[in-house]
Amino acid sequence: MTGQRIDLEINPITFRFHCPLCGHAILVPEQEPSPCDHCTFIWVDAIGEFDEAYCDADILERVKVAPEPEDEPEEGEFSWASCFDDDFLERLPDATVAFYLTWNFIACGPNSETIVIGIDGSYESDENDDEDAADIERAQA
């Protein structure tokens, strides 16, 4: 199993990230993330871990890293994967696309931060999709 990776450089002040499947605005400047049903995880570089409030529990189970024997965690504690681990994409379901949104800035030297958003690409259209698209087109006309 292997997910796909797409790297995007962004301007965090003006950038918006919309779900490529449904168009829902997941990231909007100066607002909390608003994941849609296709969003499987959000990983925040500044925090260094997955934001559990925005993660699919099954995906989290797949990407948890088994601890090294000398770093045995206490019961109920896990080591978390980083989206920058060499094998991270291999732990994702095949249909998952990981969007790496990175911005660069100067703060006592060059810096960058990344947010990674996982989108479940296994979306299967239903019979209402054509009707919904027609309704959107009529509303835009």
# chains A, B, ... in the order shown; residues from 1 in each chain; ligands from 1
>>> residues_around(residues="Leu89 of chain A", least_positions_apart="4", cutoff="10 Å", atoms="only C-alpha atoms", output="list in words")
Met1, Thr2, Gly3, Gln4, Arg5, Val63, Cys83, Phe84, Asp85, Pro93, Asp94, Thr96, Val97 and Ala98 of chain A
>>> atom_distance(atom1="atom CA of Cys108 of chain A", atom2="atom CA of Ile6 of chain A")
28.6 Å
>>> atom_distance(atom1="atom CA of Glu61 of chain A", atom2="atom CA of Ser112 of chain A")
28.0 Å
>>> closest_residue(among="A:Ser82, A:Thr40, A:Asn11, A:Asn104", to="Ile26 of chain A", atoms="only C-alpha atoms")
A:Thr40
>>> atom_distance(atom1="atom CA of Asn111 of chain A", atom2="atom CA of Pro35 of chain A")
26.7 Å
>>> closest_residue(among="A:Ile106, A:Ile10, A:Cys39, A:Leu101", to="His24 of chain A", atoms="only C-alpha atoms")
A:Cys39
>>> closest_residue(among="A:Pro110, A:Phe15, A:Ile115, A:Cys22", to="Cys36 of chain A", atoms="only C-alpha atoms")
A:Cys22
>>> residues_around(residues="Ile47 of chain A", least_positions_apart="3", cutoff="12 Å", atoms="only C-alpha atoms", output="ChimeraX atom specification")
/A:42-44,50-52,80,82,113-116
>>> residues_around(residues="Gln31 of chain A", least_positions_apart="5", cutoff="12 Å", atoms="only C-alpha atoms", output="PDB file with C-alpha atoms, in the first residue's frame")
ATOM      1  CA  PRO A  12      -0.295  31.346   4.276  1.00  0.00           C
ATOM      2  CA  ILE A  13      -1.851  34.812   4.334  1.00  0.00           C
ATOM      3  CA  PHE A  15      -3.911  30.649   0.586  1.00  0.00           C
ATOM      4  CA  ARG A  16      -7.028  28.498   0.811  1.00  0.00           C
ATOM      5  CA  PHE A  17      -7.044  24.727   0.461  1.00  0.00           C
ATOM      6  CA  ALA A  25     -12.739  24.828   2.041  1.00  0.00           C
ATOM      7  CA  ILE A  26     -10.589  22.838   4.482  1.00  0.00           C
TER       8      ILE A  26
END
>>> residues_around(residues="Phe41 of chain A", least_positions_apart="4", cutoff="7 Å", atoms="only C-alpha atoms", output="ChimeraX atom specification")
/A:54-56,117-118
